[in-house]
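Note: the block below is query_5.pdb and it holds PDB, C-alpha atoms, pLDDT in the B column.
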ATOM      1  CA  LEU A   1      21.052  11.404  14.199  1.00 85.00           C
ATOM      2  CA  ILE A   2      19.116  12.757  17.152  1.00 87.00           C
ATOM      3  CA  LEU A   3      21.925  15.127  18.139  1.00 85.00           C
ATOM      4  CA  THR A   4      22.322  16.300  14.536  1.00 86.00           C
ATOM      5  CA  SER A   5      18.642  17.183  14.342  1.00 86.00           C
ATOM      6  CA  PHE A   6      19.181  19.778  17.095  1.00 87.00           C
ATOM      7  CA  LYS A   7      22.253  21.375  15.460  1.00 87.00           C
ATOM      8  CA  THR A   8      22.450  24.333  13.107  1.00 85.00           C
ATOM      9  CA  GLN A   9      23.596  23.763   9.534  1.00 84.00           C
ATOM     10  CA  VAL A  10      27.018  25.241  10.308  1.00 84.00           C
ATOM     11  CA  GLN A  11      27.505  22.805  13.185  1.00 83.00           C
ATOM     12  CA  VAL A  12      26.401  19.864  11.053  1.00 84.00           C
ATOM     13  CA  MET A  13      28.837  20.732   8.250  1.00 85.00           C
ATOM     14  CA  SER A  14      31.853  21.494  10.437  1.00 82.00           C
ATOM     15  CA  LYS A  15      34.876  19.191  10.078  1.00 81.00           C
ATOM     16  CA  THR A  16      35.263  18.675  13.805  1.00 81.00           C
ATOM     17  CA  PRO A  17      32.228  17.218  15.529  1.00 79.00           C
ATOM     18  CA  THR A  18      30.708  19.279  18.317  1.00 79.00           C
ATOM     19  CA  TRP A  19      29.286  17.406  21.277  1.00 80.00           C
ATOM     20  CA  ILE A  20      28.440  20.358  23.486  1.00 83.00           C
ATOM     21  CA  PHE A  21      26.281  22.964  21.748  1.00 84.00           C
ATOM     22  CA  MET A  22      23.174  25.083  22.177  1.00 87.00           C
ATOM     23  CA  PRO A  23      20.302  22.965  20.789  1.00 87.00           C
ATOM     24  CA  THR A  24      17.835  24.519  18.372  1.00 87.00           C
ATOM     25  CA  LEU A  25      14.354  23.492  17.197  1.00 87.00           C
ATOM     26  CA  MET A  26      14.713  25.411  13.941  1.00 85.00           C
ATOM     27  CA  ASN A  27      15.132  22.208  11.886  1.00 83.00           C
ATOM     28  CA  TYR A  28      11.890  20.752  13.235  1.00 83.00           C
ATOM     29  CA  SER A  29       9.928  23.950  12.665  1.00 82.00           C
ATOM     30  CA  THR A  30      11.293  24.201   9.111  1.00 80.00           C
ATOM     31  CA  VAL A  31      10.316  20.645   8.240  1.00 79.00           C
ATOM     32  CA  LEU A  32       6.967  20.508  10.017  1.00 78.00           C
ATOM     33  CA  LEU A  33       5.646  24.008   9.393  1.00 77.00           C
ATOM     34  CA  GLU A  34       7.347  25.482   6.326  1.00 75.00           C
ATOM     35  CA  GLN A  35       7.963  22.564   3.961  1.00 75.00           C
ATOM     36  CA  GLY A  36       4.504  20.956   4.013  1.00 79.00           C
ATOM     37  CA  PHE A  37       5.618  17.800   5.825  1.00 84.00           C
ATOM     38  CA  LEU A  38       2.253  17.269   7.517  1.00 86.00           C
ATOM     39  CA  ARG A  39       0.356  17.564   4.207  1.00 89.00           C
ATOM     40  CA  TYR A  40       2.674  15.056   2.511  1.00 90.00           C
ATOM     41  CA  MET A  41       2.442  12.679   5.454  1.00 90.00           C
ATOM     42  CA  THR A  42      -1.354  12.962   5.424  1.00 92.00           C
ATOM     43  CA  ASN A  43      -1.378  12.196   1.695  1.00 92.00           C
ATOM     44  CA  SER A  44       0.817   9.139   2.279  1.00 94.00           C
ATOM     45  CA  LEU A  45      -1.418   7.906   5.096  1.00 95.00           C
ATOM     46  CA  ILE A  46      -4.585   8.370   3.024  1.00 96.00           C
ATOM     47  CA  VAL A  47      -3.122   6.593   0.012  1.00 95.00           C
ATOM     48  CA  GLY A  48      -1.547   3.813   2.067  1.00 95.00           C
ATOM     49  CA  LEU A  49      -4.543   3.033   4.268  1.00 97.00           C
ATOM     50  CA  ILE A  50      -7.238   3.223   1.594  1.00 97.00           C
ATOM     51  CA  SER A  51      -5.241   1.212  -0.949  1.00 96.00           C
ATOM     52  CA  THR A  52      -4.503  -1.415   1.724  1.00 97.00           C
ATOM     53  CA  VAL A  53      -8.167  -1.776   2.693  1.00 97.00           C
ATOM     54  CA  LEU A  54      -9.345  -1.946  -0.936  1.00 97.00           C
ATOM     55  CA  THR A  55      -6.643  -4.479  -1.812  1.00 96.00           C
ATOM     56  CA  LEU A  56      -7.601  -6.719   1.114  1.00 95.00           C
ATOM     57  CA  VAL A  57     -11.320  -6.568   0.280  1.00 95.00           C
ATOM     58  CA  VAL A  58     -10.913  -7.283  -3.436  1.00 95.00           C
ATOM     59  CA  GLY A  59      -8.053  -9.744  -2.909  1.00 94.00           C
ATOM     60  CA  GLY A  60      -9.942 -11.667  -0.234  1.00 93.00           C
ATOM     61  CA  CYS A  61     -13.030 -12.087  -2.411  1.00 92.00           C
ATOM     62  CA  ALA A  62     -10.974 -12.962  -5.498  1.00 92.00           C
ATOM     63  CA  SER A  63      -8.805 -15.522  -3.726  1.00 92.00           C
ATOM     64  CA  TYR A  64     -11.854 -17.190  -2.159  1.00 90.00           C
ATOM     65  CA  ALA A  65     -13.521 -17.422  -5.569  1.00 90.00           C
ATOM     66  CA  LEU A  66     -10.368 -18.839  -7.167  1.00 90.00           C
ATOM     67  CA  VAL A  67     -10.019 -21.513  -4.490  1.00 89.00           C
ATOM     68  CA  ARG A  68     -13.609 -22.606  -3.917  1.00 87.00           C
ATOM     69  CA  PHE A  69     -15.532 -22.043  -7.161  1.00 86.00           C
ATOM     70  CA  ASP A  70     -15.133 -23.696 -10.556  1.00 85.00           C
ATOM     71  CA  PHE A  71     -15.623 -21.447 -13.578  1.00 85.00           C
ATOM     72  CA  VAL A  72     -14.309 -21.003 -17.095  1.00 86.00           C
ATOM     73  CA  GLY A  73     -10.917 -19.312 -17.209  1.00 84.00           C
ATOM     74  CA  LYS A  74     -10.032 -19.980 -13.569  1.00 84.00           C
ATOM     75  CA  GLY A  75      -6.502 -21.166 -14.422  1.00 83.00           C
ATOM     76  CA  THR A  76      -5.940 -18.269 -16.810  1.00 87.00           C
ATOM     77  CA  ILE A  77      -6.971 -15.724 -14.184  1.00 86.00           C
ATOM     78  CA  SER A  78      -4.727 -17.362 -11.567  1.00 83.00           C
ATOM     79  CA  LEU A  79      -1.745 -17.363 -13.909  1.00 85.00           C
ATOM     80  CA  GLY A  80      -2.563 -13.841 -15.118  1.00 86.00           C
ATOM     81  CA  THR A  81      -2.461 -12.422 -11.602  1.00 84.00           C
ATOM     82  CA  LEU A  82       0.925 -14.036 -11.055  1.00 81.00           C
ATOM     83  CA  LEU A  83       2.285 -12.655 -14.336  1.00 85.00           C
ATOM     84  CA  LEU A  84       1.010  -9.148 -13.488  1.00 82.00           C
ATOM     85  CA  ARG A  85       3.195  -9.170 -10.386  1.00 80.00           C
ATOM     86  CA  MET A  86       6.269  -9.658 -12.568  1.00 84.00           C
ATOM     87  CA  ILE A  87       5.810  -6.349 -14.420  1.00 85.00           C
ATOM     88  CA  PRO A  88       8.044  -3.650 -12.909  1.00 86.00           C
ATOM     89  CA  PRO A  89       6.210  -0.400 -12.039  1.00 82.00           C
ATOM     90  CA  ALA A  90       8.710   1.685 -14.028  1.00 84.00           C
ATOM     91  CA  VAL A  91       7.438   0.095 -17.256  1.00 88.00           C
ATOM     92  CA  LEU A  92       3.899   1.200 -16.474  1.00 87.00           C
ATOM     93  CA  VAL A  93       4.655   4.881 -15.818  1.00 90.00           C
ATOM     94  CA  VAL A  94       4.066   6.315 -19.313  1.00 91.00           C
ATOM     95  CA  PRO A  95       0.941   4.271 -20.231  1.00 92.00           C
ATOM     96  CA  ILE A  96      -0.627   4.922 -16.841  1.00 92.00           C
ATOM     97  CA  TYR A  97       0.121   8.638 -17.050  1.00 92.00           C
ATOM     98  CA  VAL A  98      -1.519   8.844 -20.480  1.00 93.00           C
ATOM     99  CA  LEU A  99      -4.596   6.899 -19.306  1.00 93.00           C
ATOM    100  CA  TRP A 100      -4.928   8.815 -16.048  1.00 92.00           C
ATOM    101  CA  THR A 101      -4.618  12.141 -17.867  1.00 92.00           C
ATOM    102  CA  PHE A 102      -7.373  11.057 -20.269  1.00 94.00           C
ATOM    103  CA  PHE A 103      -9.674  10.005 -17.399  1.00 93.00           C
ATOM    104  CA  GLY A 104      -8.829  13.023 -15.229  1.00 91.00           C
ATOM    105  CA  LEU A 105      -7.167  10.930 -12.517  1.00 90.00           C
ATOM    106  CA  ALA A 106      -3.666  12.381 -12.874  1.00 89.00           C
ATOM    107  CA  ASP A 107      -2.573  14.558  -9.948  1.00 89.00           C
ATOM    108  CA  THR A 108      -5.228  13.029  -7.670  1.00 92.00           C
ATOM    109  CA  LEU A 109      -4.948  10.763  -4.665  1.00 92.00           C
ATOM    110  CA  LEU A 110      -7.683   8.539  -6.118  1.00 94.00           C
ATOM    111  CA  GLY A 111      -5.549   7.847  -9.190  1.00 93.00           C
ATOM    112  CA  LEU A 112      -2.613   6.862  -7.012  1.00 93.00           C
ATOM    113  CA  ILE A 113      -4.810   4.657  -4.806  1.00 95.00           C
ATOM    114  CA  LEU A 114      -6.179   2.785  -7.832  1.00 94.00           C
ATOM    115  CA  ILE A 115      -2.668   2.170  -9.163  1.00 93.00           C
ATOM    116  CA  TYR A 116      -1.458   0.821  -5.822  1.00 94.00           C
ATOM    117  CA  VAL A 117      -4.476  -1.464  -5.551  1.00 94.00           C
ATOM    118  CA  GLY A 118      -3.668  -2.847  -8.996  1.00 91.00           C
ATOM    119  CA  LEU A 119       0.006  -3.304  -8.148  1.00 91.00           C
ATOM    120  CA  ASN A 120      -0.589  -5.035  -4.817  1.00 92.00           C
ATOM    121  CA  LEU A 121      -3.590  -7.153  -5.767  1.00 93.00           C
ATOM    122  CA  PRO A 122      -1.659 -10.076  -7.347  1.00 91.00           C
ATOM    123  CA  PHE A 123       0.514 -10.546  -4.261  1.00 91.00           C
ATOM    124  CA  THR A 124      -2.482 -10.344  -1.931  1.00 93.00           C
ATOM    125  CA  ILE A 125      -4.448 -12.851  -4.000  1.00 93.00           C
ATOM    126  CA  TRP A 126      -1.620 -15.377  -3.999  1.00 90.00           C
ATOM    127  CA  VAL A 127      -0.937 -15.007  -0.276  1.00 92.00           C
ATOM    128  CA  LEU A 128      -4.600 -15.481   0.590  1.00 93.00           C
ATOM    129  CA  ILE A 129      -5.035 -18.381  -1.862  1.00 91.00           C
ATOM    130  CA  SER A 130      -2.493 -20.373   0.129  1.00 90.00           C
ATOM    131  CA  PHE A 131      -4.283 -19.609   3.409  1.00 93.00           C
ATOM    132  CA  ILE A 132      -7.764 -20.391   2.075  1.00 92.00           C
ATOM    133  CA  SER A 133      -6.550 -23.651   0.483  1.00 90.00           C
ATOM    134  CA  ASP A 134      -5.477 -24.876   3.933  1.00 90.00           C
ATOM    135  CA  ILE A 135      -8.997 -24.474   5.370  1.00 89.00           C
ATOM    136  CA  PRO A 136     -10.876 -27.804   5.265  1.00 90.00           C
ATOM    137  CA  LEU A 137     -13.857 -27.806   2.945  1.00 88.00           C
ATOM    138  CA  GLU A 138     -15.840 -29.680   5.598  1.00 89.00           C
ATOM    139  CA  LEU A 139     -16.149 -26.490   7.662  1.00 88.00           C
ATOM    140  CA  GLU A 140     -17.968 -24.780   4.815  1.00 87.00           C
ATOM    141  CA  GLU A 141     -20.124 -27.828   4.133  1.00 88.00           C
ATOM    142  CA  ALA A 142     -21.184 -27.884   7.786  1.00 90.00           C
ATOM    143  CA  ALA A 143     -22.058 -24.176   7.558  1.00 89.00           C
ATOM    144  CA  VAL A 144     -24.180 -24.840   4.453  1.00 89.00           C
ATOM    145  CA  VAL A 145     -26.045 -27.567   6.347  1.00 90.00           C
ATOM    146  CA  ASP A 146     -26.697 -25.015   9.122  1.00 87.00           C
ATOM    147  CA  GLY A 147     -28.228 -22.637   6.566  1.00 88.00           C
ATOM    148  CA  CYS A 148     -25.350 -20.240   5.814  1.00 86.00           C
ATOM    149  CA  GLY A 149     -25.082 -18.661   2.386  1.00 86.00           C
ATOM    150  CA  PRO A 150     -21.800 -17.971   0.528  1.00 84.00           C
ATOM    151  CA  TRP A 151     -21.347 -14.455   1.953  1.00 87.00           C
ATOM    152  CA  ARG A 152     -22.043 -15.537   5.500  1.00 89.00           C
ATOM    153  CA  ILE A 153     -19.590 -18.421   5.140  1.00 88.00           C
ATOM    154  CA  PHE A 154     -16.973 -16.015   3.835  1.00 88.00           C
ATOM    155  CA  PHE A 155     -17.408 -13.461   6.619  1.00 88.00           C
ATOM    156  CA  ARG A 156     -18.118 -15.800   9.552  1.00 88.00           C
ATOM    157  CA  ILE A 157     -15.785 -18.729   8.798  1.00 88.00           C
ATOM    158  CA  ILE A 158     -13.154 -17.879   6.183  1.00 89.00           C
ATOM    159  CA  LEU A 159     -12.120 -14.380   7.266  1.00 90.00           C
ATOM    160  CA  PRO A 160     -11.496 -15.246  10.940  1.00 91.00           C
ATOM    161  CA  LEU A 161      -9.374 -18.233   9.903  1.00 91.00           C
ATOM    162  CA  ILE A 162      -7.181 -16.273   7.470  1.00 93.00           C
ATOM    163  CA  LYS A 163      -6.377 -13.371   9.811  1.00 93.00           C
ATOM    164  CA  PRO A 164      -2.610 -14.105   9.720  1.00 93.00           C
ATOM    165  CA  GLY A 165      -2.675 -13.994   5.920  1.00 93.00           C
ATOM    166  CA  LEU A 166      -4.672 -10.773   5.953  1.00 95.00           C
ATOM    167  CA  ALA A 167      -2.159  -9.250   8.383  1.00 96.00           C
ATOM    168  CA  ALA A 168       0.813 -10.269   6.222  1.00 94.00           C
ATOM    169  CA  ALA A 169      -0.849  -8.953   3.066  1.00 94.00           C
ATOM    170  CA  ALA A 170      -1.853  -5.713   4.820  1.00 96.00           C
ATOM    171  CA  ILE A 171       1.697  -5.046   6.052  1.00 96.00           C
ATOM    172  CA  PHE A 172       3.180  -5.737   2.625  1.00 94.00           C
ATOM    173  CA  THR A 173       0.567  -3.665   0.797  1.00 94.00           C
ATOM    174  CA  PHE A 174       0.870  -0.700   3.138  1.00 96.00           C
ATOM    175  CA  ARG A 175       4.665  -0.770   2.951  1.00 95.00           C
ATOM    176  CA  ILE A 176       4.649  -0.784  -0.851  1.00 92.00           C
ATOM    177  CA  SER A 177       2.032   1.982  -0.988  1.00 92.00           C
ATOM    178  CA  TRP A 178       3.982   4.091   1.498  1.00 92.00           C
ATOM    179  CA  ASN A 179       7.437   3.641  -0.069  1.00 92.00           C
ATOM    180  CA  GLU A 180       6.634   3.623  -3.802  1.00 91.00           C
ATOM    181  CA  TYR A 181       8.429   6.486  -5.540  1.00 90.00           C
ATOM    182  CA  ILE A 182       8.343   6.397  -9.349  1.00 91.00           C
ATOM    183  CA  LEU A 183       4.587   6.311  -9.931  1.00 90.00           C
ATOM    184  CA  ALA A 184       3.983   8.803  -7.123  1.00 91.00           C
ATOM    185  CA  LEU A 185       6.538  11.156  -8.665  1.00 90.00           C
ATOM    186  CA  VAL A 186       4.871  11.104 -12.082  1.00 90.00           C
ATOM    187  CA  LEU A 187       1.214  10.958 -11.038  1.00 89.00           C
ATOM    188  CA  THR A 188       1.147  13.633  -8.315  1.00 89.00           C
ATOM    189  CA  ASN A 189       1.606  17.376  -8.165  1.00 87.00           C
ATOM    190  CA  ARG A 190       2.642  19.723  -5.356  1.00 83.00           C
ATOM    191  CA  MET A 191      -0.640  19.291  -3.452  1.00 85.00           C
ATOM    192  CA  THR A 192      -1.052  15.517  -3.845  1.00 88.00           C
ATOM    193  CA  ARG A 193       2.601  14.580  -3.402  1.00 88.00           C
ATOM    194  CA  THR A 194       3.401  11.735  -0.994  1.00 90.00           C
ATOM    195  CA  LEU A 195       6.149  11.719   1.601  1.00 86.00           C
ATOM    196  CA  PRO A 196       8.792   9.716  -0.343  1.00 88.00           C
ATOM    197  CA  VAL A 197       8.502  12.121  -3.290  1.00 88.00           C
ATOM    198  CA  ALA A 198       8.486  15.246  -1.117  1.00 82.00           C
ATOM    199  CA  THR A 199      11.605  14.255   0.790  1.00 75.00           C
TER
END

Rewritten as structure tokens:
Amino acid sequence: LILTSFKTQVQVMSKTPTWIFMPTLMNYSTVLLEQGFLRYMTNSLIVGLISTVLTLVVGGCASYALVRFDFVGKGTISLGTLLLRMIPPAVLVVPIYVLWTFFGLADTLLGLILIYVGLNLPFTIWVLISFISDIPLELEEAAVVDGCGPWRIFFRIILPLIKPGLAAAAIFTFRISWNEYILALVLTNRMTRTLPVAT
């Protein structure tokens, strides 16, 4: 692959492989400078990083609430997030396109970020629920005795203890946001296109 990247198109397509040839950087200049590779890669990085951060923030808070607090509809919300994960993204393309066009989010990076947050949130919630469930409740009770409120408990005790879960969820979320093709194809234009669609 590395040798092929330095060959001309004629050398790549020839029936007999050439091992000794004059290398050229024309392929790299074409991809990087003429075909908008850097713009598409920047779009992918923006969408991937922001959607990952938003998914971790919302998913962390939601999973903590589902594990530690009792409220009406807790079981329904837990089951609903699991069922949302079972919907394939291809089914959502047309309804999402219609909604995003109505709200002016079609052909924007923000629209794509919101979709990826929605797609990755169920997985993140369920991963973090399992990590938070393993944390003994006595740690939080001791923090309450020391005068900590719910937010301080969450940030000072829970988050440091679920770092492995956050890392796993972040890797998964970023990978899905980076590689997703169908929604990015429909919801972006030439300027907001991501790298999988552009290549």

**Report entry** Residues matched by the PyMOL selection byres ((chain A and resi 55) around 10) as a PyMOL selection string
**Finding:** chain A and resi 49-54+56-61+113-114+116-125+169-170+173-174

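Once the PyMOL selection byres ((chain A and resi 151-165) around 9) is applied to the depicted file, the selected set reads A:Gly60, A:Cys61, A:Tyr64, A:Thr124, A:Val127, A:Leu128, A:Ser130, A:Phe131, A:Ile132, A:Ile135, A:Leu139, A:Glu140, A:Ala143, A:Val144, A:Cys148, A:Gly149, A:Pro150, A:Leu166, A:Ala167, A:Ala168, A:Ala169, A:Ala170.
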
Query - Output check: residues returned by the PyMOL selection byres ((chain A and resi 23) around 8), as a PyMOL selection string - result: chain A and resi 6-7+21-22+24-25

Would you write out those residues with C-alpha atoms, as a PDB file, in the frame of the given file?
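Output saved as selection-v5.pdb:
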ATOM      1  CA  PHE A   6      19.181  19.778  17.095  1.00 87.00           C
ATOM      2  CA  LYS A   7      22.253  21.375  15.460  1.00 87.00           C
ATOM      3  CA  PHE A  21      26.281  22.964  21.748  1.00 84.00           C
ATOM      4  CA  MET A  22      23.174  25.083  22.177  1.00 87.00           C
ATOM      5  CA  THR A  24      17.835  24.519  18.372  1.00 87.00           C
ATOM      6  CA  LEU A  25      14.354  23.492  17.197  1.00 87.00           C
TER       7      LEU A  25
END

Report summary line: Across A:Ile87, A:Val47, A:Ile115, A:Ala65, the smallest distance to Arg193 of chain A, with all atoms listed in the file counted, is shown by A:Val47

**Report entry** Option closest in space to Thr194 of chain A, from A:Leu84, A:Val31, A:Leu3, A:Met41 [counting only C-alpha atoms]
**Finding:** A:Met41

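Atom CA of Thr42 of chain A lies 22.0 Å from atom CA of Met26 of chain A.
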
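Atom CA of Trp126 of chain A to atom CA of Gly73 of chain A spans 16.6 Å [interatomic distance, one decimal].
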
Query - Separation of atom CA of Trp100 of chain A from atom CA of Ile77 of chain A in Å - result: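 So the two atoms, atom CA of Ile77 of chain A and atom CA of Trp100 of chain A, lie 24.7 Å apart.
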
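With all atoms listed in the file as the basis for measurement, A:Thr8 is the residue among A:Thr8, A:Thr16, A:Thr108, A:Asn179 that approaches Thr30 of chain A most closely.
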
Each side padded by 6 Å, which centre and which edge lengths in Å (one decimal) define the axis-aligned box around the listed atoms of segment 161-180 of chain A? Give them as lines of an AutoDock Vina configuration file.
center_x = -1.0
center_y = -7.1
center_z = 3.1
size_x = 28.8
size_y = 34.3
size_z = 25.7

Requested in this report: Using all atoms listed in the file, find the one residue out of A:Leu83, A:Val12, A:Ile20, A:Leu45 that sits nearest to Pro196 of chain A.
Outcome: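 Comparing A:Leu83, A:Val12, A:Ile20, A:Leu45 against Pro196 of chain A, the winner is A:Leu45.
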
Query - Point (6.2, 2.7, -2.6), cut-off 10 Å, counting all atoms listed in the file, residues as a list in words - result: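 With a cut-off of 10 Å, the residues come to Ser44, Gly48, Pro89, Tyr116, Thr173, Phe174, Arg175, Ile176, Ser177, Trp178, Asn179, Glu180, Tyr181, Ile182, Leu183, Ala184, Thr194, Leu195, Pro196 and Val197 of chain A.
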